[in-house]
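Here's the structure, in structure tokens; my notes come after.
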Amino acid sequence: MRNKINGDNINVVMATDCGSTTTKSILIQKIDGEYRLTHRGEAPTTVEAPFEDVTRGVLNAIMELEELSGRTILNGEDIQSPATGNDGVDLYISTSSAGGGLQMMVGGVVKSMTGESAQRAALGAGAIVMDLLASNDGRLYHEKVKRIRQLRPDMILLSGGIDGGTVSHVVELAEVLEAANPKPRLGINYKLPVIYAGNNKAQDAIKERLGEITDLTIVDNIRPTLEEENLQPSRIRIHDLFMEHVMAQAPGYKKLMGWTDAPIMPTPGAVGEIIQKIAKQDNISVVGVDIGGATTDVFSVFEGQFNRTVSANLGMSYSVCNVLAEAGIPNVARWVPYEMDEKGLTNRIANKMIRPTTIPQSLEALKIEQAIAREALRLSFEQHKEFAVNLKGVQQERTISDAFEQTSSGETLVNLMALDLLVGSGGVLSHAPRREQAARMLVDAFLPEGITRLAVDSIFMMPQLGLLSTVHEKAAVEVFEKDCLIQLGSCVSPVGKFKDGQLMFTYEINLPNEKVTGEIIAGEMILIPAEYVGCAATFKPGNGLDLGNGKNESIHTKIYGGVVGILLDGRGRQPFSIPSDMHTRVEKLSEWSLATNEYPEEVK
């Protein structure tokens, strides 16, 4: 790292994100007292042969920035700093998920307690959790040893037991690791990093078994008591070890680390940072999703608690057949707005897996891709809801059978009625040909309840801004709100049981130049064009329905439009269903598409 960061003197910021296939670069400059994104470049990532040096791709992406901005940033292979006139930058930072990102294995005594806490710590630090090892995971001793040897993770996080409790179970897990004697995925001349964050009484026994054969670090217990979760010490150590070991082994990263003014951060961890900053700054509940080619990440902040999950088998290119297998053909087919048999649909999806980097060449292919995206998003969110839960043991009576049961702990924190902002990112959402399509994919997949704002990341710069928020929060938040987020609008949808033809809600919205009023009947969708300004509005739910104030209670609020507008969704939520008959389904999907301007009539 080069400079000591001084926020007062930072006028020009450059950030890069080294992805598995593409390295993105952005230039942020202070203009008239506020920070704005001015230019963006990209180049292929060069972590693999023939280059095997990540800095080549970084330099190429920076050269594109130079060309577009007319600014001289490089002096040979050195980054000019600080900025003077039209030369150099004041701050350079980078995130990375190249080389498969940070791959971890976690262990805990009880799967649904310390095991889940360890998972939350690793996922929050930006890791992909390859497997969860637990005393009660149903595997035999030799099966656990074999699994550890097979996986070859970058790092292992071991937890278990409350402080001062029984030590035997967590020591047994350490013995499994000792027997496996795992070797790291990258590098041959160093020991595998292992973090112990369990019962403090067991620390000496853990050192005895793992101190010699691994690079062992001991931090505070993840679960010091049943009612308390302490994830931050583990997350900080995971990040430090990621830099010292994993990144240091990847080709060219030592050189890149010498260029940056702040430690390199795993891409998903950086996205989590900006989601948390926005939730805290505006005191709102947020759900964010990043749908990629191989994985889908979901982030949420509810009641001030941050959670992240990685659906490592749900993506839009390399994992597209997994989406079909997990969702089932009927669930994907229900979003295809024309008649098509199962064989035709599976063939189209198989073609995508064979040629994962292709993009749709026809409107028909685009509709199929967006149908798959809805299911990938839905399944990822279902997994997230199961994981983002209150701690088991908090204000609950516990029994021994509770402690060793295999079910998820507590009730989910995800409360869609309390959700204020839903943010989408990733190619299928950020680069959808029409913003209306992105809005519909988000609404159809997440089924937001009550009144929810919708937005997408314009060009996928959330990782860079997340890292920037840790060193210069003002710059990150200003660019996030002004240049990163595309405000799509808001969705209004009541919750509760309803009948066909029932009145779902009435509305009165005071737009800047007119007042619009009307009613929504069950199964109906209406889009009202409205800009991103706060409009006073009144919504009255139909009999037995709830829009956020309780059953049958009117709600008076301020609602925001956006580039899409205000989406009034009368399709219901409990349950949400689409007609199973193909002809009726296609009619209904076409009706909703027309109403929401998803695929305009003139291009059909």
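Scheme for the structure tokens: letters A, B, ... for chains in order shown; per-chain residue numbers from 1; ligand numbers from 1 in order shown.
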
Report task. Show which residues sit within 6 Å of segment 126-143 of chain A, as an NGL selection string. Count only C-alpha atoms, and ignore same-chain residues fewer than 2 positions away. Result -> :A and (102-111 or 122-124 or 145-146 or 266 or 268-269)

Output of the above residues as a JSON list (two decimals), in the first residue's frame, restricted to C-alpha atoms:
```json
[["chain", "number", "residue", "atom", "x", "y", "z"],
["A", 102, "LEU", "CA", -12.29, -17.00, -1.40],
["A", 103, "GLN", "CA", -13.29, -20.65, -0.87],
["A", 104, "MET", "CA", -13.76, -21.72, 2.75],
["A", 105, "MET", "CA", -14.86, -24.66, 4.84],
["A", 106, "VAL", "CA", -16.48, -23.98, 8.21],
["A", 107, "GLY", "CA", -17.01, -26.20, 11.25],
["A", 108, "GLY", "CA", -19.23, -26.03, 14.31],
["A", 109, "VAL", "CA", -20.31, -28.46, 17.01],
["A", 110, "VAL", "CA", -24.06, -28.10, 16.39],
["A", 111, "LYS", "CA", -25.02, -27.60, 12.74],
["A", 122, "ALA", "CA", -17.55, -16.55, 6.44],
["A", 123, "LEU", "CA", -20.31, -15.42, 4.06],
["A", 124, "GLY", "CA", -20.24, -11.91, 5.51],
["A", 145, "VAL", "CA", -11.71, -36.70, 6.72],
["A", 146, "LYS", "CA", -12.17, -37.70, 3.06],
["A", 266, "PRO", "CA", -13.25, -9.98, -1.98],
["A", 268, "PRO", "CA", -18.96, -10.07, -2.52],
["A", 269, "GLY", "CA", -17.68, -8.71, 0.80]]
```

Query raised in the report: Could you name the residues that touch segment 192-199 of chain A at 6 Å or less, counting only C-alpha atoms, but leaving out those on the same chain fewer than 5 positions away, as a PyMOL selection string?
Result: chain A and resi 155-163+184+214-222

Query raised in the report: Neighbours of Arg152 of chain A within 8 Å (only C-alpha atoms; same-chain residues fewer than 3 positions away dropped), as a list in words?
Result: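 Residues near the query, excluding close chain neighbours: Ile148, Arg149, Pro182, Lys183, Pro184 and Arg185 of chain A.
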
Pull C-alpha atoms from the residues just selected and write them as a JSON list (two decimals), in the first residue's frame.
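Listing of selection-v9.json after writing:
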```
[["chain", "number", "residue", "atom", "x", "y", "z"],
["A", 148, "ILE", "CA", -11.79, -32.21, 3.79],
["A", 149, "ARG", "CA", -9.02, -33.75, 1.67],
["A", 182, "PRO", "CA", -5.59, -30.61, 4.51],
["A", 183, "LYS", "CA", -3.50, -28.95, 1.81],
["A", 184, "PRO", "CA", -4.42, -25.49, 0.46],
["A", 185, "ARG", "CA", -5.77, -24.94, -3.05]]
```

Report task. Please provide the set of residues having any atom within 9 Å of segment 428-442 of chain A, restricted to only C-alpha atoms, with same-chain residues fewer than 4 positions apart removed, written as an MDAnalysis selection string. Result -> chainID A and resid 290:292 316 369:371 373:374 377 422:424 446:448 454:460 486 488:489 491 563:565 567 593 596:599

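Using only C-alpha atoms, the nearest neighbour of Asn11 of chain A within the list A:Gly88, A:Gly542, A:Pro251, A:Pro44 is A:Gly88.
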
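Restricting the calculation to only C-alpha atoms, the smallest distance between Gly548 of chain A and any of A:Thr22, A:Asn415, A:Gln80, A:Asn313 is found for A:Asn415.
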
Requested in this report: Could you give me the residues within segment 447-505 of chain A that DSSP places in strand (DSSP E), as a ChimeraX atom specification?
Outcome: /A:450-457,485-493,503-505

Can you write just those residues out, C-alpha atoms, as an mmCIF file, in the first residue's frame?
```
data_model
loop_
_atom_site.group_PDB
_atom_site.id
_atom_site.type_symbol
_atom_site.label_atom_id
_atom_site.label_comp_id
_atom_site.auth_asym_id
_atom_site.auth_seq_id
_atom_site.Cartn_x
_atom_site.Cartn_y
_atom_site.Cartn_z
ATOM 1 C CA GLY A 450 -46.872 -3.600 0.699
ATOM 2 C CA ILE A 451 -44.914 -0.688 -0.789
ATOM 3 C CA THR A 452 -41.319 -1.349 -1.929
ATOM 4 C CA ARG A 453 -38.844 0.765 -3.909
ATOM 5 C CA LEU A 454 -37.054 -1.010 -6.780
ATOM 6 C CA ALA A 455 -33.606 -0.210 -8.188
ATOM 7 C CA VAL A 456 -30.793 -1.745 -10.260
ATOM 8 C CA ASP A 457 -27.040 -1.186 -10.300
ATOM 9 C CA LEU A 485 -28.452 3.183 -8.582
ATOM 10 C CA ILE A 486 -31.037 3.408 -11.333
ATOM 11 C CA GLN A 487 -34.284 4.100 -9.481
ATOM 12 C CA LEU A 488 -36.886 1.962 -11.249
ATOM 13 C CA GLY A 489 -39.853 3.045 -9.155
ATOM 14 C CA SER A 490 -42.087 1.393 -6.565
ATOM 15 C CA CYS A 491 -44.258 -1.706 -6.358
ATOM 16 C CA VAL A 492 -47.547 -1.757 -4.441
ATOM 17 C CA SER A 493 -49.014 -5.146 -3.591
ATOM 18 C CA LEU A 503 -61.201 -5.546 -5.283
ATOM 19 C CA MET A 504 -57.537 -5.636 -4.177
ATOM 20 C CA PHE A 505 -57.101 -1.929 -3.391
#
```

Query - Nearby residues (only C-alpha atoms) at most 8 Å from Ile213 of chain A, same-chain spacing under 3 positions excluded, as a ChimeraX atom specification - result: /A:178,181,191,210

**Report entry** Point-to-point distance from atom CA of Gly466 of chain A to atom CA of Ile275 of chain A, Å rounded to tenths
**Finding:**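 Between these atoms lies a distance of 7.8 Å.
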
Report task. Enumerate, as number ranges by chain, the complete set of residues in segment 150-250 of chain A that a backbone-based DSSP assignment places in alpha helix (DSSP H). Result -> A: 150-151, 168-180, 203-210, 232-241, 248-249

Could you give me, as a PDB file with C-alpha atoms, in the first residue's frame, the residues within 12 Å of Met243 of chain A, counting only C-alpha atoms and dropping anything in the same chain fewer than 4 positions from it?
```pdb
ATOM      1  CA  THR A  95     -11.638  -5.629  -5.230  1.00  0.00           C
ATOM      2  CA  SER A  96     -11.237  -9.148  -6.602  1.00  0.00           C
ATOM      3  CA  GLY A 101     -12.748 -15.966  -5.026  1.00  0.00           C
ATOM      4  CA  LEU A 102     -12.292 -16.998  -1.397  1.00  0.00           C
ATOM      5  CA  ASP A 154      -8.336 -21.729   0.931  1.00  0.00           C
ATOM      6  CA  MET A 155      -9.079 -21.474   4.642  1.00  0.00           C
ATOM      7  CA  PRO A 193      -4.803 -21.049   7.435  1.00  0.00           C
ATOM      8  CA  ILE A 236     -11.638  -9.271  10.178  1.00  0.00           C
ATOM      9  CA  ARG A 237      -9.232 -12.208  10.519  1.00  0.00           C
ATOM     10  CA  ILE A 238     -10.682 -13.966   7.450  1.00  0.00           C
ATOM     11  CA  HIS A 239     -10.068 -10.819   5.450  1.00  0.00           C
ATOM     12  CA  MET A 247      -4.195 -13.313  -2.635  1.00  0.00           C
ATOM     13  CA  ALA A 248      -0.443 -13.496  -2.122  1.00  0.00           C
ATOM     14  CA  GLN A 249      -0.380 -16.885  -3.905  1.00  0.00           C
ATOM     15  CA  ALA A 250      -2.366 -15.715  -6.961  1.00  0.00           C
ATOM     16  CA  TYR A 253      -1.384 -10.001  -6.729  1.00  0.00           C
ATOM     17  CA  LYS A 254       1.659  -9.063  -4.655  1.00  0.00           C
ATOM     18  CA  LEU A 256      -1.176  -5.228  -7.276  1.00  0.00           C
ATOM     19  CA  MET A 257      -1.217  -5.047  -3.461  1.00  0.00           C
ATOM     20  CA  GLY A 258       1.779  -2.740  -3.688  1.00  0.00           C
ATOM     21  CA  ALA A 262      -6.259   0.073   0.883  1.00  0.00           C
ATOM     22  CA  PRO A 263      -6.282  -3.730   1.251  1.00  0.00           C
ATOM     23  CA  ILE A 264      -7.862  -5.634  -1.642  1.00  0.00           C
ATOM     24  CA  MET A 265     -11.298  -6.950  -0.643  1.00  0.00           C
ATOM     25  CA  PRO A 266     -13.245  -9.982  -1.975  1.00  0.00           C
TER      26      PRO A 266
END
```

Requested in this report: Write out as an NGL selection string each polymer residue whose atoms come within 6 Å of Pro463 of chain A, counting only C-alpha atoms; drop sequence neighbours fewer than 2 positions from it.
Outcome: :A and (267 or 270-271 or 461 or 465-466)

Query raised in the report: Using only C-alpha atoms, which residue out of A:Ala475, A:Val336, A:Asn331, A:Glu67 lies closest to Gln29 of chain A?
Result: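 Counting only C-alpha atoms, the residue closest to Gln29 of chain A is A:Ala475.
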
Query - Gap from atom CA of Gly534 of chain A to atom CA of Ser554 of chain A - Å, one decimal - result: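 Computing it gives 18.5 Å between the two atoms.
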
Query raised in the report: So how many Å separate atom CA of Asp581 of chain A and atom CA of Glu375 of chain A, to one decimal?
Result: 19.2 Å
